[in-house]
Each structure stands twice: as structure tokens, then as C-alpha cells.
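One file, start_31.pdb, is given below (PDB, C-alpha atoms, pLDDT in the B column).
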```pdb
MODEL        1
ATOM      1  CA  MET A   1     250.389 -18.802  95.744  1.00 40.00           C
ATOM      2  CA  LYS A   2     253.957 -18.608  94.509  1.00 41.00           C
ATOM      3  CA  ARG A   3     253.354 -20.935  91.564  1.00 46.00           C
ATOM      4  CA  SER A   4     250.770 -18.596  90.010  1.00 41.00           C
ATOM      5  CA  LYS A   5     252.323 -15.291  91.110  1.00 49.00           C
ATOM      6  CA  SER A   6     252.718 -14.024  87.557  1.00 59.00           C
ATOM      7  CA  MET A   7     249.772 -15.871  86.051  1.00 86.00           C
ATOM      8  CA  ASN A   8     246.443 -14.817  84.689  1.00 91.00           C
ATOM      9  CA  GLY A   9     243.284 -16.807  85.236  1.00 93.00           C
ATOM     10  CA  ALA A  10     240.006 -17.093  87.065  1.00 95.00           C
ATOM     11  CA  TYR A  11     239.235 -17.435  90.754  1.00 96.00           C
ATOM     12  CA  ILE A  12     236.382 -18.255  93.099  1.00 97.00           C
ATOM     13  CA  LEU A  13     235.993 -16.097  96.174  1.00 97.00           C
ATOM     14  CA  VAL A  14     233.908 -17.925  98.812  1.00 98.00           C
ATOM     15  CA  LEU A  15     232.256 -15.559 101.285  1.00 98.00           C
ATOM     16  CA  ARG A  16     230.127 -16.040 104.400  1.00 98.00           C
ATOM     17  CA  LEU A  17     227.441 -13.586 105.421  1.00 98.00           C
ATOM     18  CA  ASN A  18     226.387 -14.098 109.042  1.00 97.00           C
ATOM     19  CA  SER A  19     223.090 -12.204 108.856  1.00 98.00           C
ATOM     20  CA  ASN A  20     220.602 -10.947 106.299  1.00 98.00           C
ATOM     21  CA  GLU A  21     221.857  -7.639 104.912  1.00 97.00           C
ATOM     22  CA  LYS A  22     220.543  -4.944 102.599  1.00 98.00           C
ATOM     23  CA  ILE A  23     223.609  -3.562 100.809  1.00 97.00           C
ATOM     24  CA  LYS A  24     223.964  -0.806  98.226  1.00 97.00           C
ATOM     25  CA  VAL A  25     225.996  -2.306  95.389  1.00 97.00           C
ATOM     26  CA  GLY A  26     227.157   0.476  93.093  1.00 92.00           C
ATOM     27  CA  SER A  27     224.984   0.909  90.007  1.00 90.00           C
ATOM     28  CA  LEU A  28     222.904  -2.172  90.919  1.00 95.00           C
ATOM     29  CA  GLY A  29     221.386  -0.266  93.859  1.00 96.00           C
ATOM     30  CA  PHE A  30     220.232  -1.896  97.088  1.00 98.00           C
ATOM     31  CA  ILE A  31     220.244  -5.689  97.155  1.00 98.00           C
ATOM     32  CA  GLU A  32     218.849  -7.982  99.853  1.00 98.00           C
ATOM     33  CA  PHE A  33     221.431 -10.632 100.697  1.00 98.00           C
ATOM     34  CA  GLU A  34     220.379 -13.667 102.717  1.00 98.00           C
ATOM     35  CA  LYS A  35     222.532 -15.139 105.451  1.00 98.00           C
ATOM     36  CA  GLY A  36     224.672 -17.936 104.028  1.00 98.00           C
ATOM     37  CA  PHE A  37     227.553 -18.500 101.638  1.00 98.00           C
ATOM     38  CA  TYR A  38     228.324 -16.768  98.368  1.00 98.00           C
ATOM     39  CA  CYS A  39     230.662 -17.770  95.568  1.00 98.00           C
ATOM     40  CA  TYR A  40     231.924 -14.949  93.409  1.00 98.00           C
ATOM     41  CA  VAL A  41     233.691 -15.834  90.165  1.00 98.00           C
ATOM     42  CA  GLY A  42     236.218 -13.323  88.904  1.00 96.00           C
ATOM     43  CA  SER A  43     239.269 -13.115  86.699  1.00 94.00           C
ATOM     44  CA  ALA A  44     242.651 -11.485  86.543  1.00 90.00           C
ATOM     45  CA  THR A  45     244.021 -10.789  83.090  1.00 84.00           C
ATOM     46  CA  GLY A  46     246.540  -8.471  81.545  1.00 75.00           C
ATOM     47  CA  LYS A  47     248.702  -6.545  83.999  1.00 76.00           C
ATOM     48  CA  THR A  48     246.651  -7.600  87.032  1.00 74.00           C
ATOM     49  CA  LYS A  49     247.674 -11.091  88.064  1.00 84.00           C
ATOM     50  CA  LEU A  50     245.819 -13.640  90.185  1.00 88.00           C
ATOM     51  CA  GLU A  51     247.894 -13.036  93.298  1.00 85.00           C
ATOM     52  CA  SER A  52     247.301  -9.269  93.297  1.00 88.00           C
ATOM     53  CA  ARG A  53     243.579  -9.585  92.617  1.00 90.00           C
ATOM     54  CA  CYS A  54     243.056 -12.189  95.336  1.00 90.00           C
ATOM     55  CA  LYS A  55     245.071 -10.212  97.899  1.00 90.00           C
ATOM     56  CA  ARG A  56     242.864  -7.203  97.158  1.00 92.00           C
ATOM     57  CA  HIS A  57     239.757  -9.207  98.042  1.00 92.00           C
ATOM     58  CA  LEU A  58     241.201  -9.966 101.484  1.00 93.00           C
ATOM     59  CA  LYS A  59     241.236  -6.246 102.344  1.00 89.00           C
ATOM     60  CA  LYS A  60     238.035  -4.814 103.783  1.00 79.00           C
ATOM     61  CA  ASN A  61     238.912  -1.132 103.437  1.00 84.00           C
ATOM     62  CA  LYS A  62     239.562  -0.260  99.815  1.00 89.00           C
ATOM     63  CA  LYS A  63     238.212   1.848  97.010  1.00 91.00           C
ATOM     64  CA  MET A  64     234.891   0.427  95.821  1.00 92.00           C
ATOM     65  CA  LYS A  65     235.646  -0.686  92.274  1.00 91.00           C
ATOM     66  CA  TRP A  66     233.706  -3.915  91.641  1.00 92.00           C
ATOM     67  CA  HIS A  67     230.307  -5.194  92.758  1.00 96.00           C
ATOM     68  CA  VAL A  68     231.922  -7.747  95.062  1.00 96.00           C
ATOM     69  CA  ASP A  69     233.743  -4.965  96.964  1.00 95.00           C
ATOM     70  CA  TYR A  70     230.394  -3.832  98.412  1.00 96.00           C
ATOM     71  CA  LEU A  71     229.451  -7.324  99.587  1.00 97.00           C
ATOM     72  CA  ARG A  72     232.933  -7.863 100.966  1.00 95.00           C
ATOM     73  CA  LYS A  73     232.428  -5.003 103.468  1.00 94.00           C
ATOM     74  CA  LYS A  74     229.860  -7.209 105.271  1.00 95.00           C
ATOM     75  CA  ALA A  75     230.968 -10.738 104.368  1.00 97.00           C
ATOM     76  CA  SER A  76     234.040 -12.655 105.495  1.00 96.00           C
ATOM     77  CA  VAL A  77     236.339 -14.606 103.178  1.00 97.00           C
ATOM     78  CA  VAL A  78     236.099 -18.385 103.714  1.00 96.00           C
ATOM     79  CA  LYS A  79     238.461 -19.419 100.920  1.00 96.00           C
ATOM     80  CA  ILE A  80     239.864 -18.340  97.601  1.00 96.00           C
ATOM     81  CA  LEU A  81     240.560 -20.799  94.807  1.00 95.00           C
ATOM     82  CA  ALA A  82     242.664 -19.867  91.783  1.00 93.00           C
ATOM     83  CA  PHE A  83     242.406 -21.412  88.330  1.00 94.00           C
ATOM     84  CA  PRO A  84     245.519 -20.273  86.428  1.00 92.00           C
ATOM     85  CA  SER A  85     244.965 -20.158  82.689  1.00 90.00           C
ATOM     86  CA  ASN A  86     245.736 -18.062  79.640  1.00 87.00           C
ATOM     87  CA  ARG A  87     242.167 -18.639  78.431  1.00 88.00           C
ATOM     88  CA  LYS A  88     239.096 -16.803  79.726  1.00 89.00           C
ATOM     89  CA  GLU A  89     237.555 -19.363  82.105  1.00 92.00           C
ATOM     90  CA  GLU A  90     235.478 -17.045  84.313  1.00 95.00           C
ATOM     91  CA  CYS A  91     232.168 -17.529  82.485  1.00 97.00           C
ATOM     92  CA  SER A  92     232.474 -21.304  82.125  1.00 96.00           C
ATOM     93  CA  ILE A  93     233.168 -21.614  85.873  1.00 97.00           C
ATOM     94  CA  ALA A  94     230.172 -19.371  86.632  1.00 97.00           C
ATOM     95  CA  LYS A  95     227.903 -21.556  84.472  1.00 97.00           C
ATOM     96  CA  LEU A  96     229.083 -24.683  86.320  1.00 97.00           C
ATOM     97  CA  ILE A  97     228.452 -23.154  89.746  1.00 98.00           C
ATOM     98  CA  LEU A  98     224.978 -21.976  88.684  1.00 97.00           C
ATOM     99  CA  LYS A  99     223.942 -25.647  88.262  1.00 97.00           C
ATOM    100  CA  PHE A 100     224.511 -26.293  91.997  1.00 97.00           C
ATOM    101  CA  ALA A 101     223.597 -22.952  93.574  1.00 98.00           C
ATOM    102  CA  ASP A 102     220.533 -22.277  95.712  1.00 98.00           C
ATOM    103  CA  GLY A 103     220.236 -18.884  94.034  1.00 98.00           C
ATOM    104  CA  PHE A 104     222.096 -16.030  92.373  1.00 98.00           C
ATOM    105  CA  ILE A 105     222.155 -12.244  92.329  1.00 98.00           C
ATOM    106  CA  PRO A 106     221.153 -11.091  88.805  1.00 97.00           C
ATOM    107  CA  LYS A 107     223.720  -9.012  86.870  1.00 96.00           C
ATOM    108  CA  PHE A 108     226.234  -9.153  89.743  1.00 97.00           C
ATOM    109  CA  GLY A 109     229.834  -9.021  88.545  1.00 95.00           C
ATOM    110  CA  CYS A 110     229.051  -9.735  84.920  1.00 94.00           C
ATOM    111  CA  SER A 111     228.671  -6.350  83.252  1.00 89.00           C
ATOM    112  CA  ASP A 112     231.364  -7.319  80.723  1.00 87.00           C
ATOM    113  CA  CYS A 113     229.803 -10.600  79.564  1.00 92.00           C
ATOM    114  CA  LYS A 114     226.443 -12.239  78.825  1.00 94.00           C
ATOM    115  CA  CYS A 115     226.214 -14.349  82.003  1.00 96.00           C
ATOM    116  CA  ILE A 116     223.190 -13.916  84.267  1.00 97.00           C
ATOM    117  CA  SER A 117     225.476 -13.565  87.283  1.00 98.00           C
ATOM    118  CA  HIS A 118     228.913 -14.180  88.707  1.00 98.00           C
ATOM    119  CA  LEU A 119     227.640 -14.319  92.309  1.00 98.00           C
ATOM    120  CA  PHE A 120     225.928 -17.461  93.572  1.00 98.00           C
ATOM    121  CA  TYR A 121     224.150 -18.164  96.855  1.00 98.00           C
ATOM    122  CA  PHE A 122     224.347 -21.300  99.013  1.00 98.00           C
ATOM    123  CA  LYS A 123     222.118 -21.602 102.098  1.00 97.00           C
ATOM    124  CA  ASN A 124     224.584 -23.524 104.236  1.00 96.00           C
ATOM    125  CA  ILE A 125     227.845 -25.455 104.263  1.00 93.00           C
ATOM    126  CA  ASN A 126     226.114 -28.670 103.123  1.00 94.00           C
ATOM    127  CA  SER A 127     224.727 -26.875 100.110  1.00 94.00           C
ATOM    128  CA  LEU A 128     228.155 -25.392  99.358  1.00 94.00           C
ATOM    129  CA  SER A 129     229.738 -28.864  99.514  1.00 94.00           C
ATOM    130  CA  LYS A 130     228.049 -29.648  96.169  1.00 94.00           C
ATOM    131  CA  LEU A 131     230.915 -27.677  94.620  1.00 95.00           C
ATOM    132  CA  SER A 132     233.646 -30.039  95.851  1.00 94.00           C
ATOM    133  CA  SER A 133     234.356 -31.332  92.331  1.00 91.00           C
ATOM    134  CA  ILE A 134     234.841 -27.770  91.053  1.00 92.00           C
ATOM    135  CA  PHE A 135     236.856 -26.709  94.110  1.00 94.00           C
ATOM    136  CA  SER A 136     239.185 -29.705  93.758  1.00 93.00           C
ATOM    137  CA  LYS A 137     240.391 -28.374  90.371  1.00 93.00           C
ATOM    138  CA  GLY A 138     241.571 -25.062  91.832  1.00 93.00           C
ATOM    139  CA  ILE A 139     244.609 -24.041  93.819  1.00 92.00           C
ATOM    140  CA  GLN A 140     243.510 -22.972  97.302  1.00 91.00           C
ATOM    141  CA  ILE A 141     245.297 -19.736  98.107  1.00 88.00           C
ATOM    142  CA  TYR A 142     243.339 -18.752 101.196  1.00 88.00           C
TER     143      TYR A 142
ENDMDL
END
```
I need this file expressed as C-alpha cells, please.
Amino acid sequence: MKRSKSMNGAYILVLRLNSNEKIKVGSLGFIEFEKGFYCYVGSATGKTKLESRCKRHLKKNKKMKWHVDYLRKKASVVKILAFPSNRKEECSIAKLILKFADGFIPKFGCSDCKCISHLFYFKNINSLSKLSSIFSKGIQIY
């Protein structure tokens, strides 16, 4: 990810959960997650750059800071796509993904905006493939 090392922007963290899990997610409480794939849309702005934020998501053992950190303890990273930009793109990407998702977790990862969620569920790899047009616009960094 050398090209976007010092850049801000949005990213999509694609996770795989191999079994149904009930996970306590900070202030959201316990959430039932179905086996399948999840796309989390986040951003890195200000001092925190895309590279640092994405590297943090690859670590399993870390201080629980964001909703996705709790899910990450049980789910594996499939890929991370970066969308370098000086504009706030996180919410527009989330709205695009929502159109293709099999479901979403209400209020997940969006306490600082008016979106219904920033975490989207896909039953299987075929379902996730609906996002190929969105994925093709990002820089795959993992």
C-alpha cells in the first residue's frame, strides 16, 4: 500500500465468519452473527492514515475501540480494499453496498453519521461477488 501510505480515505474490510456467533459488541450489546461474509466500511482521516488503520484491523489482539474490533476477534480477514480520497466517502460506499447485501447489523460502526449501518452481511461467496464493481474501484491492500 505504498502509494496511499500517507493518504486519508475510506476502506472496505471483508471478513469471513465460519460459524454462527453471539458476540458482545461494546455499547450495542450482544449481537447474533450468522455464518458468512461481512463487509465493514470505515475511514481514516486526520492523523490516522489508511495504511495504519488497515494494519490495525489485521491484528486480532488489540484494545477494543470500534464495533468491528469485537467481530474481528471471531472473524478472519478475507481482503481489505482502500479508497484514497480527501473527501468523506465512507457513507456513500456503505449506501452502495447496502443495495447488494443480504442483510446488515443496525447501528454497527455508524455512531458518527446517519447511516443505518456500516456492516453488511453476505450469505456466501456468490452473494459477495455482487460487489465486484465496487471492489474493482479500490486498491486491494490485503
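Residue nearest Arg53 (chain A), chosen from A:Leu98, A:Cys39, A:Leu128, A:Met7 and counting all atoms listed in the file: A:Met7.
Compared by their closest atoms to Cys110 (chain A), and using all atoms listed in the file, the residues A:Ile97, A:Val41, A:Ile80, A:Met64 rank with A:Val41 nearest.
Between CA of Val14 (chain A) and CA of His57 (chain A) lies a distance of 10.5 Å.
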So which residues are close to (224.3, -10.4, 107.5), meaning at most 9 Å away in the file's coordinates with all atoms listed in the file counted, and can you show them as a list in words?
Arg16, Leu17, Asn18, Ser19, Asn20, Glu21, Lys22, Phe33, Glu34, Lys35, Gly36, Lys74 and Ala75 of chain A
If you apply the PyMOL selection byres ((chain A and resi 83) around 8) to this file, what residues do you get, as a PyMOL selection string?
chain A and resi 9-11+81-82+84-85+137-139
Keeping only C-alpha atoms, take the residues you just selected and write them out as a PDB file, in the frame of the given file.
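The result, written out as part.pdb:
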```pdb
ATOM      1  CA  GLY A   9     243.284 -16.807  85.236  1.00 93.00           C
ATOM      2  CA  ALA A  10     240.006 -17.093  87.065  1.00 95.00           C
ATOM      3  CA  TYR A  11     239.235 -17.435  90.754  1.00 96.00           C
ATOM      4  CA  LEU A  81     240.560 -20.799  94.807  1.00 95.00           C
ATOM      5  CA  ALA A  82     242.664 -19.867  91.783  1.00 93.00           C
ATOM      6  CA  PRO A  84     245.519 -20.273  86.428  1.00 92.00           C
ATOM      7  CA  SER A  85     244.965 -20.158  82.689  1.00 90.00           C
ATOM      8  CA  LYS A 137     240.391 -28.374  90.371  1.00 93.00           C
ATOM      9  CA  GLY A 138     241.571 -25.062  91.832  1.00 93.00           C
ATOM     10  CA  ILE A 139     244.609 -24.041  93.819  1.00 92.00           C
TER      11      ILE A 139
END
```
Here is a test: counting all atoms listed in the file, which residue of A:Ile93, A:Leu50, A:Val78, A:Val25 is nearest to Ser133 (chain A)?
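Answer, going by the shortest atom-to-atom distance: A:Ile93.
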With distances taken over only C-alpha atoms, which residue among A:Lys88, A:Lys73, A:His67, A:Lys62 lies nearest Ile105 (chain A)?
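Among the listed residues, A:His67 lies closest to Ile105 (chain A).
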Which one is closest to Gly109 (chain A): A:Tyr38, A:Tyr121, A:Trp66, A:Phe135? Count all atoms listed in the file.
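The answer is A:Trp66, which sits nearest to Gly109 (chain A).
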Would you write out, as a compact mmCIF listing (two decimals) with C-alpha atoms, in the coordinates of the input, every residue that the PyMOL selection byres ((chain A and resi 104) around 8) captures in this file?
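The new file selection_30.txt reads:
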```txt
# COMPACT_ATOMS: atom_id res chain seq x y z
CA LEU A 98 224.98 -21.98 88.68
CA ALA A 101 223.60 -22.95 93.57
CA ASP A 102 220.53 -22.28 95.71
CA GLY A 103 220.24 -18.88 94.03
CA ILE A 105 222.16 -12.24 92.33
CA PRO A 106 221.15 -11.09 88.80
CA SER A 117 225.48 -13.56 87.28
CA HIS A 118 228.91 -14.18 88.71
CA LEU A 119 227.64 -14.32 92.31
CA PHE A 120 225.93 -17.46 93.57
CA TYR A 121 224.15 -18.16 96.86
```
Using Å and a single decimal, report how far CA of Ser132 (chain A) sits from CA of Asp112 (chain A).
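Taking CA of Asp112 (chain A) and CA of Ser132 (chain A), their separation equals 27.4 Å.
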Just the number, please: distance in Å from CA of Ile116 (chain A) to CA of Val77 (chain A), one decimal.
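Between these atoms lies a distance of 23.0 Å.
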Region 86-112 of chain A from the block above: N, CA and C atoms written as a CSV table (one decimal), in the first residue's frame:
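The result, written out as out36.csv:
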```csv
chain,number,residue,atom,x,y,z
A,86,ASN,N,-9.6,12.6,-0.3
A,86,ASN,CA,-9.6,13.7,0.7
A,86,ASN,C,-11.1,14.1,1.0
A,87,ARG,N,-12.0,13.4,0.4
A,87,ARG,CA,-13.4,13.6,0.7
A,87,ARG,C,-13.9,12.5,1.5
A,88,LYS,N,-15.0,12.7,2.3
A,88,LYS,CA,-15.6,11.7,3.1
A,88,LYS,C,-16.4,10.8,2.3
A,89,GLU,N,-15.9,9.6,2.0
A,89,GLU,CA,-16.6,8.6,1.1
A,89,GLU,C,-17.3,7.4,1.8
A,90,GLU,N,-17.0,7.3,3.1
A,90,GLU,CA,-17.4,6.2,3.8
A,90,GLU,C,-18.9,5.9,3.7
A,91,CYS,N,-19.7,6.9,3.9
A,91,CYS,CA,-21.2,6.7,3.9
A,91,CYS,C,-21.7,6.4,2.5
A,92,SER,N,-21.1,7.0,1.5
A,92,SER,CA,-21.6,6.7,0.1
A,92,SER,C,-21.3,5.3,-0.3
A,93,ILE,N,-20.1,4.8,0.1
A,93,ILE,CA,-19.8,3.4,-0.1
A,93,ILE,C,-20.7,2.5,0.6
A,94,ALA,N,-21.0,2.8,1.9
A,94,ALA,CA,-21.9,2.0,2.7
A,94,ALA,C,-23.3,1.9,2.0
A,95,LYS,N,-23.8,3.0,1.5
A,95,LYS,CA,-25.1,3.0,0.8
A,95,LYS,C,-25.1,2.2,-0.4
A,96,LEU,N,-24.0,2.2,-1.1
A,96,LEU,CA,-23.9,1.3,-2.3
A,96,LEU,C,-23.9,-0.2,-2.0
A,97,ILE,N,-23.1,-0.5,-0.9
A,97,ILE,CA,-23.1,-1.9,-0.5
A,97,ILE,C,-24.4,-2.4,0.0
A,98,LEU,N,-25.1,-1.6,0.7
A,98,LEU,CA,-26.5,-1.9,1.2
A,98,LEU,C,-27.4,-2.4,0.1
A,99,LYS,N,-27.3,-1.9,-1.1
A,99,LYS,CA,-28.1,-2.3,-2.2
A,99,LYS,C,-28.0,-3.7,-2.6
A,100,PHE,N,-26.8,-4.3,-2.3
A,100,PHE,CA,-26.5,-5.7,-2.7
A,100,PHE,C,-26.4,-6.7,-1.6
A,101,ALA,N,-26.4,-6.2,-0.4
A,101,ALA,CA,-26.3,-7.1,0.8
A,101,ALA,C,-27.5,-7.9,1.1
A,102,ASP,N,-27.2,-9.1,1.7
A,102,ASP,CA,-28.3,-10.0,2.2
A,102,ASP,C,-28.8,-9.5,3.5
A,103,GLY,N,-28.1,-8.6,4.2
A,103,GLY,CA,-28.6,-8.1,5.4
A,103,GLY,C,-27.6,-7.1,6.0
A,104,PHE,N,-27.9,-6.6,7.2
A,104,PHE,CA,-27.0,-5.6,7.8
A,104,PHE,C,-27.2,-5.7,9.3
A,105,ILE,N,-26.2,-5.2,10.0
A,105,ILE,CA,-26.3,-5.1,11.5
A,105,ILE,C,-26.6,-3.6,11.8
A,106,PRO,N,-27.9,-3.4,12.3
A,106,PRO,CA,-28.3,-2.0,12.6
A,106,PRO,C,-27.3,-1.3,13.6
A,107,LYS,N,-27.0,0.0,13.3
A,107,LYS,CA,-26.2,0.9,14.1
A,107,LYS,C,-24.7,0.5,14.2
A,108,PHE,N,-24.3,-0.5,13.5
A,108,PHE,CA,-22.9,-1.0,13.6
A,108,PHE,C,-22.0,-0.1,12.9
A,109,GLY,N,-21.0,0.5,13.6
A,109,GLY,CA,-20.0,1.3,13.0
A,109,GLY,C,-20.4,2.6,12.5
A,110,CYS,N,-21.6,3.1,12.8
A,110,CYS,CA,-22.0,4.4,12.2
A,110,CYS,C,-22.6,5.3,13.3
A,111,SER,N,-22.0,5.3,14.5
A,111,SER,CA,-22.4,6.2,15.5
A,111,SER,C,-22.1,7.7,15.2
A,112,ASP,N,-21.3,8.0,14.3
A,112,ASP,CA,-20.9,9.3,13.9
A,112,ASP,C,-21.6,9.8,12.6
```
